[in-house]
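Heads up, my_file_36.tsv below (TSV, C-alpha atoms and all ligand atoms):
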chain	number	residue	atom	x	y	z
T	1	MET	CA	65.61	295.65	62.72
T	2	LYS	CA	67.36	292.27	63.04
T	3	ILE	CA	66.92	290.10	59.95
T	4	LEU	CA	67.56	286.42	59.40
T	5	PHE	CA	68.07	285.94	55.65
T	6	LEU	CA	67.78	282.40	54.30
T	7	ASP	CA	69.07	281.13	50.95
T	8	GLN	CA	69.45	277.54	49.80
T	9	SER	CA	72.42	278.11	47.51
T	10	GLY	CA	76.13	278.15	48.22
T	11	LYS	CA	76.77	279.46	44.72
T	12	PRO	CA	76.42	283.08	43.62
T	13	GLY	CA	73.55	283.06	41.11
T	14	GLY	CA	71.56	286.22	40.37
T	15	ALA	CA	69.23	285.75	43.36
T	16	GLU	CA	72.23	285.51	45.68
T	17	LEU	CA	73.96	288.56	44.17
T	18	CYS	CA	70.72	290.47	44.68
T	19	LEU	CA	70.59	289.31	48.32
T	20	LEU	CA	74.16	290.47	48.84
T	21	ASP	CA	73.11	294.04	48.08
T	22	ILE	CA	69.94	293.80	50.16
T	23	ALA	CA	71.81	292.48	53.22
T	24	LYS	CA	74.61	295.11	53.15
T	25	PRO	CA	72.71	297.83	55.06
T	26	TYR	CA	71.81	295.27	57.75
T	27	ARG	CA	75.34	293.84	58.15
T	28	ASP	CA	75.58	294.88	61.80
T	29	HIS	CA	72.40	293.11	62.82
T	30	CYS	CA	71.63	290.31	60.40
T	31	LEU	CA	72.62	286.77	59.61
T	32	VAL	CA	72.54	285.05	56.24
T	33	GLY	CA	71.78	281.35	56.75
T	34	LEU	CA	72.80	279.16	53.80
T	35	PHE	CA	71.68	275.59	53.09
T	36	ALA	CA	74.91	274.77	51.25
T	37	ASP	CA	78.52	275.87	51.42
T	38	GLY	CA	80.31	277.51	48.51
T	39	SER	CA	81.76	280.68	47.08
T	40	PHE	CA	78.65	282.69	47.98
T	41	ARG	CA	79.70	282.34	51.61
T	42	ASN	CA	83.13	283.83	50.77
T	43	LEU	CA	81.47	286.70	48.94
T	44	LEU	CA	79.31	287.49	51.98
T	45	GLU	CA	82.34	287.31	54.26
T	46	GLU	CA	84.34	289.63	51.99
T	47	ASN	CA	81.48	292.11	52.35
T	48	GLN	CA	81.46	291.75	56.16
T	49	ILE	CA	77.99	290.22	56.15
T	50	PRO	CA	77.55	287.62	58.92
T	51	VAL	CA	76.94	284.21	57.37
T	52	GLU	CA	76.44	280.69	58.67
T	53	VAL	CA	76.15	277.49	56.68
T	54	LEU	CA	73.20	275.83	58.40
T	55	THR	CA	73.48	272.44	56.73
T	56	THR	CA	75.80	270.71	54.34
T	57	ASP	CA	73.34	267.85	53.69
T	58	GLN	CA	72.15	267.77	50.11
T	59	ILE	CA	68.44	268.67	50.07
T	60	GLN	CA	66.91	266.07	47.79
T	61	VAL	CA	63.84	267.97	46.60
T	62	ARG	CA	64.26	269.42	43.09
T	63	LYS	CA	62.21	271.91	41.10
T	64	GLU	CA	60.47	269.05	39.31
T	65	SER	CA	59.85	266.78	42.36
T	66	SER	CA	56.55	264.96	42.91
T	67	LEU	CA	54.34	265.23	46.02
T	68	VAL	CA	55.72	262.02	47.58
T	69	GLN	CA	59.30	263.17	47.03
T	70	GLY	CA	58.36	266.58	48.40
T	71	LEU	CA	56.82	265.14	51.58
T	72	SER	CA	59.69	262.76	52.25
T	73	SER	CA	62.13	265.64	51.90
T	74	LEU	CA	60.20	267.54	54.58
T	75	ALA	CA	61.14	264.82	57.06
T	76	GLN	CA	64.74	265.15	55.89
T	77	LEU	CA	64.53	268.90	56.54
T	78	ALA	CA	63.46	268.51	60.19
T	79	PRO	CA	66.90	269.16	61.78
T	80	LEU	CA	67.44	272.21	59.59
T	81	ILE	CA	63.99	273.58	60.46
T	82	ALA	CA	64.72	273.10	64.18
T	83	LYS	CA	68.02	274.95	63.82
T	84	VAL	CA	66.45	277.82	61.90
T	85	MET	CA	63.70	278.12	64.54
T	86	GLN	CA	66.25	278.39	67.30
T	87	ILE	CA	68.23	281.07	65.44
T	88	ALA	CA	65.06	282.95	64.41
T	89	LEU	CA	64.26	283.64	68.07
T	90	ASN	CA	67.13	286.16	68.05
T	91	TYR	CA	65.80	288.03	65.01
T	92	ASP	CA	62.76	290.20	64.24
T	93	LEU	CA	62.07	288.95	60.75
T	94	ILE	CA	62.77	285.98	58.45
T	95	TYR	CA	63.61	286.83	54.83
T	96	ALA	CA	63.49	283.82	52.50
T	97	ASN	CA	65.33	284.36	49.22
T	98	THR	CA	64.73	281.02	47.49
T	99	GLN	CA	62.00	278.37	47.37
T	100	LYS	CA	63.54	275.87	49.79
T	101	ALA	CA	64.30	278.76	52.11
T	102	LEU	CA	60.62	279.69	51.87
T	103	VAL	CA	59.47	276.26	53.02
T	104	VAL	CA	61.93	276.15	55.92
T	105	GLY	CA	61.31	279.82	56.75
T	106	ALA	CA	57.52	279.32	56.68
T	107	LEU	CA	57.63	276.66	59.39
T	108	ALA	CA	60.14	278.63	61.45
T	109	SER	CA	57.95	281.71	61.13
T	110	PHE	CA	54.87	279.79	62.23
T	111	PHE	CA	56.51	278.40	65.37
T	112	THR	CA	58.47	281.50	66.38
T	113	HIS	CA	55.85	284.13	65.40
T	114	ARG	CA	58.42	286.06	63.39
T	115	PRO	CA	57.03	287.68	60.23
T	116	LEU	CA	58.12	286.07	56.99
T	117	VAL	CA	59.10	287.83	53.77
T	118	TYR	CA	59.56	285.87	50.57
T	119	HIS	CA	61.69	287.37	47.78
T	120	LEU	CA	60.42	285.72	44.62
T	121	HIS	CA	63.12	285.54	41.96
T	122	ASP	CA	61.42	283.01	39.67
T	123	ILE	CA	58.65	282.86	37.14
T	124	LEU	CA	56.69	279.97	38.61
T	125	SER	CA	55.82	278.40	35.27
T	126	LEU	CA	55.26	274.71	34.67
T	127	GLU	CA	58.18	274.85	32.25
T	128	HIS	CA	60.57	275.14	35.21
T	129	PHE	CA	58.62	273.82	38.21
T	130	SER	CA	56.58	270.71	38.83
T	131	GLN	CA	52.90	271.25	39.68
T	132	THR	CA	53.70	270.07	43.23
T	133	ASN	CA	56.59	272.43	43.79
T	134	ARG	CA	54.62	275.34	42.42
T	135	ARG	CA	51.73	274.48	44.75
T	136	ILE	CA	54.05	274.17	47.77
T	137	ALA	CA	55.62	277.56	46.99
T	138	VAL	CA	52.32	279.35	46.44
T	139	THR	CA	50.61	277.76	49.45
T	140	SER	CA	53.57	278.47	51.77
T	141	ALA	CA	53.76	282.06	50.57
T	142	ASN	CA	50.00	282.67	50.84
T	143	ARG	CA	49.66	281.00	54.19
T	144	PHE	CA	52.80	282.14	56.01
T	145	ALA	CA	54.35	285.19	54.33
T	146	SER	CA	53.35	288.71	55.33
T	147	LEU	CA	55.02	290.14	52.24
T	148	ILE	CA	56.16	288.80	48.89
T	149	ILE	CA	58.71	290.84	46.96
T	150	ALA	CA	58.65	289.90	43.28
T	151	ASN	CA	61.69	290.79	41.16
T	152	SER	CA	59.50	291.88	38.20
T	153	GLU	CA	55.91	292.33	37.07
T	154	ALA	CA	56.39	289.13	35.06
T	155	SER	CA	57.31	287.12	38.18
T	156	LYS	CA	54.38	288.65	40.07
T	157	ALA	CA	51.94	287.87	37.24
T	158	ALA	CA	53.01	284.20	37.11
T	159	PHE	CA	52.73	283.95	40.91
T	160	VAL	CA	49.23	285.42	40.90
T	161	GLU	CA	48.20	283.19	37.99
T	162	ALA	CA	49.36	280.18	40.05
T	163	GLY	CA	47.05	281.29	42.90
T	164	GLY	CA	49.37	283.66	44.79
T	165	HIS	CA	47.83	286.55	46.71
T	166	PRO	CA	48.30	289.80	44.77
T	167	GLU	CA	47.48	292.04	47.75
T	168	ILE	CA	50.63	291.07	49.64
T	169	THR	CA	52.89	291.04	46.58
T	170	GLU	CA	55.04	294.07	45.71
T	171	VAL	CA	57.35	294.40	42.73
T	172	VAL	CA	60.85	295.63	43.56
T	173	TYR	CA	63.54	295.47	40.89
T	174	ASN	CA	67.15	294.48	41.66
T	175	GLY	CA	69.33	297.41	42.66
T	176	PHE	CA	72.86	298.15	41.36
T	177	ASP	CA	75.73	300.39	42.34
T	178	SER	CA	76.38	302.16	39.04
T	179	LYS	CA	79.89	303.25	40.16
T	180	ILE	CA	81.10	299.67	39.77
T	181	TYR	CA	80.33	299.72	36.05
T	182	HIS	CA	82.86	302.39	35.03
T	183	SER	CA	86.19	301.13	33.69
T	184	SER	CA	89.01	303.29	32.37
T	185	GLU	CA	90.02	303.17	28.70
T	186	SER	CA	93.43	301.76	29.63
T	187	GLU	CA	91.86	298.93	31.67
T	188	VAL	CA	89.58	298.12	28.75
T	189	SER	CA	92.33	298.08	26.14
T	190	GLN	CA	94.48	295.96	28.46
T	191	ILE	CA	91.79	293.29	28.93
T	192	ARG	CA	90.93	293.29	25.21
T	193	GLN	CA	94.59	292.75	24.46
T	194	GLN	CA	94.87	289.97	27.06
T	195	LEU	CA	91.87	288.17	25.61
T	196	GLY	CA	92.99	288.63	22.00
T	197	LEU	CA	89.97	290.76	21.10
T	198	ASN	CA	91.71	293.64	19.36
T	199	GLY	CA	90.09	294.63	16.07
T	200	GLN	CA	87.05	292.46	16.79
T	201	PHE	CA	83.42	293.42	17.28
T	202	VAL	CA	82.87	291.66	20.61
T	203	VAL	CA	79.51	290.25	21.66
T	204	GLY	CA	79.46	289.18	25.31
T	205	HIS	CA	77.16	286.69	26.98
T	206	PHE	CA	77.22	286.74	30.78
T	207	SER	CA	75.32	283.91	32.35
T	208	ARG	CA	75.64	280.50	33.85
T	209	LEU	CA	75.80	277.86	31.13
T	210	ALA	CA	72.35	276.28	31.08
T	211	PRO	CA	70.08	275.30	28.17
T	212	TRP	CA	67.39	277.91	28.96
T	213	LYS	CA	69.99	280.69	29.03
T	214	GLY	CA	70.33	280.01	25.30
T	215	GLN	CA	74.06	280.34	24.67
T	216	HIS	CA	73.49	277.98	21.69
T	217	ILE	CA	71.23	280.60	20.07
T	218	LEU	CA	74.04	283.16	20.20
T	219	ILE	CA	76.48	280.68	18.67
T	220	GLU	CA	73.95	279.95	15.92
T	221	ALA	CA	73.61	283.69	15.30
T	222	LEU	CA	77.38	284.18	15.28
T	223	ALA	CA	77.72	281.75	12.38
T	224	GLN	CA	75.48	284.13	10.38
T	225	CYS	CA	77.60	287.22	11.17
T	226	PRO	CA	80.73	288.59	9.45
T	227	GLU	CA	84.15	287.22	10.49
T	228	GLU	CA	85.02	290.26	12.57
T	229	VAL	CA	82.34	289.38	15.13
T	230	THR	CA	83.64	287.41	18.14
T	231	VAL	CA	81.70	286.02	21.10
T	232	ILE	CA	82.86	285.75	24.70
T	233	LEU	CA	80.84	283.39	26.90
T	234	VAL	CA	81.27	284.38	30.54
T	235	GLY	CA	79.85	281.95	33.10
T	236	ASP	CA	79.96	278.32	34.06
T	237	ALA	CA	77.53	275.45	34.63
T	238	LEU	CA	76.56	276.30	38.22
T	239	PHE	CA	74.00	273.55	38.70
T	240	GLY	CA	75.50	270.52	36.99
T	241	GLU	CA	74.64	271.28	33.34
T	242	GLN	CA	77.86	269.62	32.05
T	243	ASP	CA	76.08	268.00	29.07
T	244	TYR	CA	75.07	271.41	27.82
T	245	VAL	CA	78.65	272.70	28.11
T	246	GLN	CA	79.81	269.79	25.97
T	247	ARG	CA	77.02	270.49	23.46
T	248	LEU	CA	78.17	274.11	23.15
T	249	HIS	CA	81.75	273.06	22.47
T	250	ASP	CA	80.53	270.53	19.88
T	251	GLN	CA	78.32	273.15	18.22
T	252	VAL	CA	81.25	275.59	17.92
T	253	LYS	CA	83.40	272.85	16.41
T	254	THR	CA	80.72	271.74	13.93
T	255	LEU	CA	80.24	275.32	12.76
T	256	ALA	CA	84.05	275.70	12.51
T	257	ILE	CA	84.02	278.94	14.50
T	258	GLU	CA	86.41	277.88	17.29
T	259	THR	CA	88.55	281.01	16.85
T	260	ARG	CA	85.51	283.26	17.23
T	261	VAL	CA	84.09	281.88	20.51
T	262	LYS	CA	85.92	282.21	23.82
T	263	PHE	CA	84.70	280.30	26.87
T	264	LEU	CA	85.91	282.32	29.85
T	265	GLY	CA	84.24	280.34	32.66
T	266	PHE	CA	82.86	281.97	35.81
T	267	ARG	CA	84.42	285.41	36.39
T	268	SER	CA	84.18	287.91	39.18
T	269	ASP	CA	85.28	290.85	36.99
T	270	VAL	CA	82.02	291.13	35.02
T	271	PRO	CA	82.01	294.98	34.89
T	272	LEU	CA	85.46	295.06	33.25
T	273	LEU	CA	84.58	292.28	30.81
T	274	MET	CA	81.35	294.03	29.89
T	275	ALA	CA	83.29	297.21	29.22
T	276	ALA	CA	85.44	295.16	26.81
T	277	CYS	CA	82.33	294.27	24.75
T	278	ASP	CA	80.67	296.17	21.93
T	279	LEU	CA	77.35	294.46	22.53
T	280	VAL	CA	75.96	292.30	25.34
T	281	ALA	CA	73.49	289.58	24.37
T	282	HIS	CA	70.83	288.05	26.60
T	283	THR	CA	69.36	285.01	24.91
T	284	SER	CA	67.15	283.10	27.35
T	285	THR	CA	64.76	280.78	25.58
T	286	SER	CA	62.25	280.80	28.48
T	287	PRO	CA	60.98	284.07	29.96
T	288	GLU	CA	63.68	285.60	32.18
T	289	PRO	CA	62.28	286.58	35.58
T	290	PHE	CA	64.37	289.77	35.74
T	291	GLY	CA	67.78	289.52	34.05
T	292	ARG	CA	70.51	291.30	36.02
T	293	VAL	CA	72.92	291.10	33.09
T	294	ILE	CA	70.66	293.30	30.99
T	295	VAL	CA	70.82	296.13	33.53
T	296	GLU	CA	74.56	295.60	34.09
T	297	ALA	CA	75.16	295.96	30.34
T	298	MET	CA	73.20	299.22	30.35
T	299	LEU	CA	75.14	300.53	33.35
T	300	SER	CA	78.37	299.65	31.51
T	301	GLY	CA	77.23	301.85	28.62
T	302	ARG	CA	77.18	298.91	26.28
T	303	ARG	CA	74.63	298.07	23.59
T	304	VAL	CA	72.31	295.33	24.79
T	305	VAL	CA	70.04	292.89	22.99
T	306	ALA	CA	67.60	290.75	24.97
T	307	ALA	CA	65.09	287.99	24.33
T	308	ASN	CA	61.64	289.54	24.15
T	309	ALA	CA	59.86	287.85	27.09
T	310	GLY	CA	59.37	287.94	30.86
T	311	GLY	CA	61.08	290.65	32.92
T	312	ALA	CA	63.36	291.65	30.00
T	313	ILE	CA	60.42	293.49	28.42
T	314	GLU	CA	60.19	295.68	31.52
T	315	LEU	CA	63.85	296.61	31.14
T	316	VAL	CA	64.33	297.07	27.40
T	317	GLU	CA	62.44	299.26	25.00
T	318	HIS	CA	63.44	298.31	21.48
T	319	GLY	CA	65.38	301.06	19.73
T	320	VAL	CA	65.26	303.33	22.80
T	321	ASN	CA	67.62	301.77	25.35
T	322	GLY	CA	68.44	298.46	23.66
T	323	PHE	CA	67.14	295.86	21.27
T	324	LEU	CA	64.75	292.93	21.52
T	325	PHE	CA	64.53	289.77	19.43
T	326	THR	CA	62.11	286.85	19.42
T	327	PRO	CA	63.35	284.23	21.94
T	328	GLY	CA	65.12	281.37	20.18
T	329	ASN	CA	65.27	283.15	16.79
T	330	SER	CA	68.96	283.23	15.88
T	331	GLN	CA	68.33	284.97	12.53
T	332	GLU	CA	66.71	287.93	14.23
T	333	LEU	CA	69.53	288.01	16.76
T	334	ALA	CA	72.13	287.97	13.97
T	335	GLN	CA	70.29	290.86	12.33
T	336	VAL	CA	70.55	292.95	15.51
T	337	ILE	CA	74.26	292.13	15.83
T	338	ILE	CA	74.84	293.20	12.22
T	339	THR	CA	72.87	296.44	12.76
T	340	CYS	CA	75.04	297.26	15.78
T	341	LEU	CA	78.18	296.42	13.80
T	342	ASN	CA	77.22	298.58	10.83
T	343	ASP	CA	75.66	301.52	12.60
T	344	ARG	CA	77.94	302.02	15.55
T	345	GLU	CA	77.22	305.69	16.11
T	346	LYS	CA	73.46	305.44	16.32
T	347	THR	CA	73.52	302.27	18.41
T	348	ALA	CA	76.15	303.73	20.78
T	349	ALA	CA	73.80	306.67	21.38
T	350	ILE	CA	71.10	304.18	22.37
T	351	ALA	CA	73.55	302.58	24.82
T	352	ASN	CA	74.40	305.97	26.33
T	353	ASN	CA	70.74	306.69	26.78
T	354	ALA	CA	70.32	303.34	28.51
T	355	ARG	CA	73.19	304.07	30.92
T	356	ALA	CA	71.62	307.34	32.03
T	357	THR	CA	68.14	305.95	32.63
T	358	ALA	CA	69.29	302.65	34.19
T	359	SER	CA	71.53	304.34	36.76
T	360	GLN	CA	68.48	306.22	38.04
T	361	ARG	CA	65.90	303.46	37.75
T	362	PHE	CA	67.94	300.69	39.38
T	363	ASP	CA	69.95	302.72	41.88
T	364	VAL	CA	70.73	300.39	44.77
T	365	ALA	CA	70.23	303.07	47.43
T	366	ASN	CA	66.70	303.78	46.17
T	367	ILE	CA	65.86	300.11	45.83
T	368	ASN	CA	67.15	299.36	49.35
T	369	GLN	CA	65.08	302.27	50.63
T	370	GLN	CA	61.96	300.77	49.01
T	371	ILE	CA	62.69	297.44	50.67
T	372	ALA	CA	63.38	299.07	54.04
T	373	GLN	CA	60.02	300.84	53.91
T	374	LEU	CA	58.19	297.62	53.11
T	375	LEU	CA	59.94	295.78	55.95
T	376	MET	CA	59.28	298.58	58.46
T	377	ARG	CA	55.56	298.09	57.93
T	378	LEU	CA	55.88	294.50	59.16
T	379	CYS	CA	57.79	295.04	62.38
S	401	LIG	N1	77.80	286.57	36.71
S	401	LIG	C1	79.05	286.58	37.31
S	401	LIG	N2	80.05	285.86	36.75
S	401	LIG	C2	79.87	285.12	35.63
S	401	LIG	C3	78.58	285.09	35.02
S	401	LIG	C4	77.57	285.84	35.60
S	401	LIG	O1	79.27	287.25	38.33
S	401	LIG	O2	80.83	284.50	35.18
S	401	LIG	C5	76.72	287.37	37.31
S	401	LIG	C6	76.12	288.40	36.37
S	401	LIG	O3	76.92	289.55	36.34
S	401	LIG	C7	74.75	288.62	37.02
S	401	LIG	C8	74.43	287.26	37.63
S	401	LIG	O4	75.65	286.51	37.65
S	401	LIG	O5	74.81	289.61	38.02
S	401	LIG	C9	73.39	286.48	36.88
S	401	LIG	O6	72.16	287.04	37.16
S	401	LIG	P1	70.94	287.04	36.12
S	401	LIG	O7	69.83	287.69	36.81
S	401	LIG	O8	71.36	287.65	34.84
S	401	LIG	O9	70.64	285.50	35.83
S	401	LIG	P2	70.46	284.21	36.79
S	401	LIG	O10	71.68	283.40	36.58
S	401	LIG	O11	70.30	284.71	38.17
S	401	LIG	O12	69.22	283.54	36.30
S	402	LIG	C1	66.91	284.78	39.41
S	402	LIG	C2	66.36	284.97	38.01
S	402	LIG	C3	66.95	286.18	37.31
S	402	LIG	C4	66.96	287.38	38.21
S	402	LIG	C5	67.65	287.05	39.53
S	402	LIG	C6	67.64	288.23	40.50
S	402	LIG	O1	68.15	284.17	39.42
S	402	LIG	O2	66.56	283.80	37.20
S	402	LIG	O3	66.21	286.48	36.15
S	402	LIG	O4	67.58	288.47	37.57
S	402	LIG	O5	66.99	285.98	40.15
S	402	LIG	O6	66.34	288.61	40.87

Exercise: express the given structure as structure tokens:
Amino acid sequence: MKILFLDQSGKPGGAELCLLDIAKPYRDHCLVGLFADGSFRNLLEENQIPVEVLTTDQIQVRKESSLVQGLSSLAQLAPLIAKVMQIALNYDLIYANTQKALVVGALASFFTHRPLVYHLHDILSLEHFSQTNRRIAVTSANRFASLIIANSEASKAAFVEAGGHPEITEVVYNGFDSKIYHSSESEVSQIRQQLGLNGQFVVGHFSRLAPWKGQHILIEALAQCPEEVTVILVGDALFGEQDYVQRLHDQVKTLAIETRVKFLGFRSDVPLLMAACDLVAHTSTSPEPFGRVIVEAMLSGRRVVAANAGGAIELVEHGVNGFLFTPGNSQELAQVIITCLNDREKTAAIANNARATASQRFDVANINQQIAQLLMRLC
């Protein structure tokens, strides 16, 4: 089966990293079309996945755009749509991985009679999307897609609540290659040494820096923890959230905990850095659609605490394979950190349990098989 994947981003966010794994088995007969250039293209190339940047024009429509802005951007999209249509003629199926890709893919699918699949990575709530954008996404998906793959039950539920058709929507979780998440003791002690983490209880946060990812909640919690607790913040502002980055630095300074917070920026050695942590914290203040970092922490055999909402609830069972805290509640989060610090043996056993179950449940080969079966039905 020849697949034309479409994704609007040039940067490797979670949706793009998920696509990377989905496209791998199709590398000999697929193309990933991007609507922006960036390091995601390099990542695809390194993995021998054919990629083409289809436009470098900035697409003006944003998640919160109004109807007028949305319509005028459609006119702006015309050359891109024409290009995608032409390319789609050489493929059996169009696989849209983001919302703008859905809109472009929907029109290309209509004119070329190629089936359209939409991989939904978002919770389509009004908190993140304007009414107009939500309507465009749901209408395009209902009208043009033959299959919608939701990354969690939470994303599916929000889609259906917004008017999406449940009968064509299947939940498929992200898949992971568990082998990647094993680091040797010497590698771990080397990186801890390099980062000046020796003797510390290290809490890692792995996410782009954005207000809803809630890094500020972890910093607030850290100020309530004993001195031996240190935080590493791994990730950068991928989508222009520079004000938030400044706010985080100011917050750390105001709390006088500069020596206990390390900003490491965007890193491509997440598995090793996770292995260097004693606990991984997920702190999103809005419901997380899925939360790759939660599964990655489990696969790394590390304790994990997540904000109790959205897809995270499907991944974490409190006290069984991790811990949950009320989103935004830094006191509760601090309490979990202190429990993990004080009861290392019991909480490490929970992490080991999580590693075993997660490597089965999110095995990339199984997940790719599920996707392959769904796609086969369409062609
Ligand atoms: N990530 C990364 N480098 C970083 C920070 C994050 O490679 O510096 C990865 C992280 O390991 C995860 C993904 O980015 O696989 C983020 O996905 P997630 O689903 O957690 O959140 P998203 O950012 O997609 O909402
Ligand atoms: C999106 C979501 C994230 C999810 C990822 C992969 O980026 O924000 O929660 O894990 O897609 O599906």

Closest-contact table, chain T side, partner ligand LIG 402 (chain S), 6 Å, counting all atoms listed in the file, as CSV:
residue,atom,partner,partner_atom,distance
T:Gly13,CA,S:LIG402,O1,5.8
T:Gly14,CA,S:LIG402,C5,4.1
T:Ala15,CA,S:LIG402,O5,3.9
T:Cys18,CA,S:LIG402,C6,5.7
T:His121,CA,S:LIG402,O5,4.3
T:Asp122,CA,S:LIG402,C2,5.6
T:Asn151,CA,S:LIG402,O6,5.1
T:Asn174,CA,S:LIG402,O6,6.0
T:Glu288,CA,S:LIG402,O3,4.8
T:Pro289,CA,S:LIG402,O3,4.0
T:Phe290,CA,S:LIG402,O3,3.8
T:Gly291,CA,S:LIG402,O4,3.7
T:Arg292,CA,S:LIG402,O4,4.4

### Message
Measuring between all atoms listed in the file, which one of T:Glu332, T:Asp236, T:Glu170, T:Glu161 shows the shortest distance to T:Tyr118?
### Response
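The shortest atom-to-atom distance to T:Tyr118 comes from T:Glu170.
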
### Task
Select, from T:Leu6, T:Leu93, T:Ala365, T:Leu272, the residue with the minimum atom-to-atom distance to T:Pro25, counting all atoms listed in the file.
T:Ala365

### Query
Out of T:His249, T:Arg267, T:His119, T:His128, which residue has the shortest atom-to-atom distance to T:Tyr173 when counting only C-alpha atoms?
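Checking each candidate against T:Tyr173, we get T:His119 as the closest.
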
### Query
Taking into account only C-alpha atoms and all ligand atoms, which residue in the set T:Ala162, T:Val84, T:Ala157, T:Ile232 is nearest to ligand LIG 401 (chain S)?
T:Ile232

### Message
Using all atoms listed in the file, can you tell me which of T:Gly175, T:Gly235, T:Gly240, T:Pro211 comes closest to ligand LIG 401 (chain S)?
### Response
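Nearest to ligand LIG 401 (chain S): T:Gly235.
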
### Task
Rank T:Ser286, T:Asn329, T:Asn342, T:Gln373 by their smallest atom-to-atom distance to ligand LIG 401 (chain S), using only C-alpha atoms and all ligand atoms, and report the top residue only.
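Closest to ligand LIG 401 (chain S) of all the choices is T:Ser286.
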
### Query
Please, what distance in Å, to one decimal, runs between atom CA of T:Asn366 and atom CA of T:Phe176?
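A separation of 9.6 Å between them.
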
Around all the atoms of ligand LIG 401 (chain S) listed in the file, with 8 Å of room on each side, what axis-aligned box do you get, giving centre and edge lengths in Å to one decimal, as lines of an AutoDock Vina configuration file?
center_x = 75.0
center_y = 286.5
center_z = 36.6
size_x = 27.6
size_y = 22.2
size_z = 19.5

### Query
T:Val234: which residues within 12 Å, counting all atoms listed in the file, same-chain residues fewer than 5 positions away excluded, as number ranges by chain?
T: 203-209, 213, 215, 261-274, 277, 280-282, 293

### Query
Once you count all atoms listed in the file, which residues end up no further than 12 Å from (72.8, 302.9, 22.1) in the file's frame, shown as a PyMOL selection string?
chain T and resi 278-280+297-305+316-323+339-341+343-357

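If you look at atom CA of T:Ile168 and atom CA of T:Ser146, they are 6.7 Å away from each other.
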
### Message
Can you measure atom CA of T:Gly33 to atom CA of T:Ile94 for me? One decimal in Å is fine.
### Response
10.3 Å

### Task
Pick out the residues sitting within 9 Å of T:Val171, and hand them over as a PyMOL selection string; count only C-alpha atoms, and ignore anything fewer than 4 positions along from it in its own chain.
chain T and resi 148-153+155-156

Which residues come within 10 Å of T:Ala36, counting all atoms listed in the file, excluding same-chain residues fewer than 4 positions away, as a compact mmCIF listing (two decimals) with C-alpha atoms, in the coordinates of the input?
# COMPACT_ATOMS: atom_id res chain seq x y z
CA ASP T 7 69.07 281.13 50.95
CA GLN T 8 69.45 277.54 49.80
CA SER T 9 72.42 278.11 47.51
CA GLY T 10 76.13 278.15 48.22
CA LYS T 11 76.77 279.46 44.72
CA PHE T 40 78.65 282.69 47.98
CA ARG T 41 79.70 282.34 51.61
CA GLU T 52 76.44 280.69 58.67
CA VAL T 53 76.15 277.49 56.68
CA LEU T 54 73.20 275.83 58.40
CA THR T 55 73.48 272.44 56.73
CA THR T 56 75.80 270.71 54.34
CA ASP T 57 73.34 267.85 53.69
CA GLN T 58 72.15 267.77 50.11
CA ILE T 59 68.44 268.67 50.07

### Query
Hey, what's within 9 Å of T:Leu89 if we count all atoms listed in the file and toss same-chain stuff fewer than 4 positions away? As JSON, numbers by chain, please?
{"T": [84, 85, 112, 113, 114]}
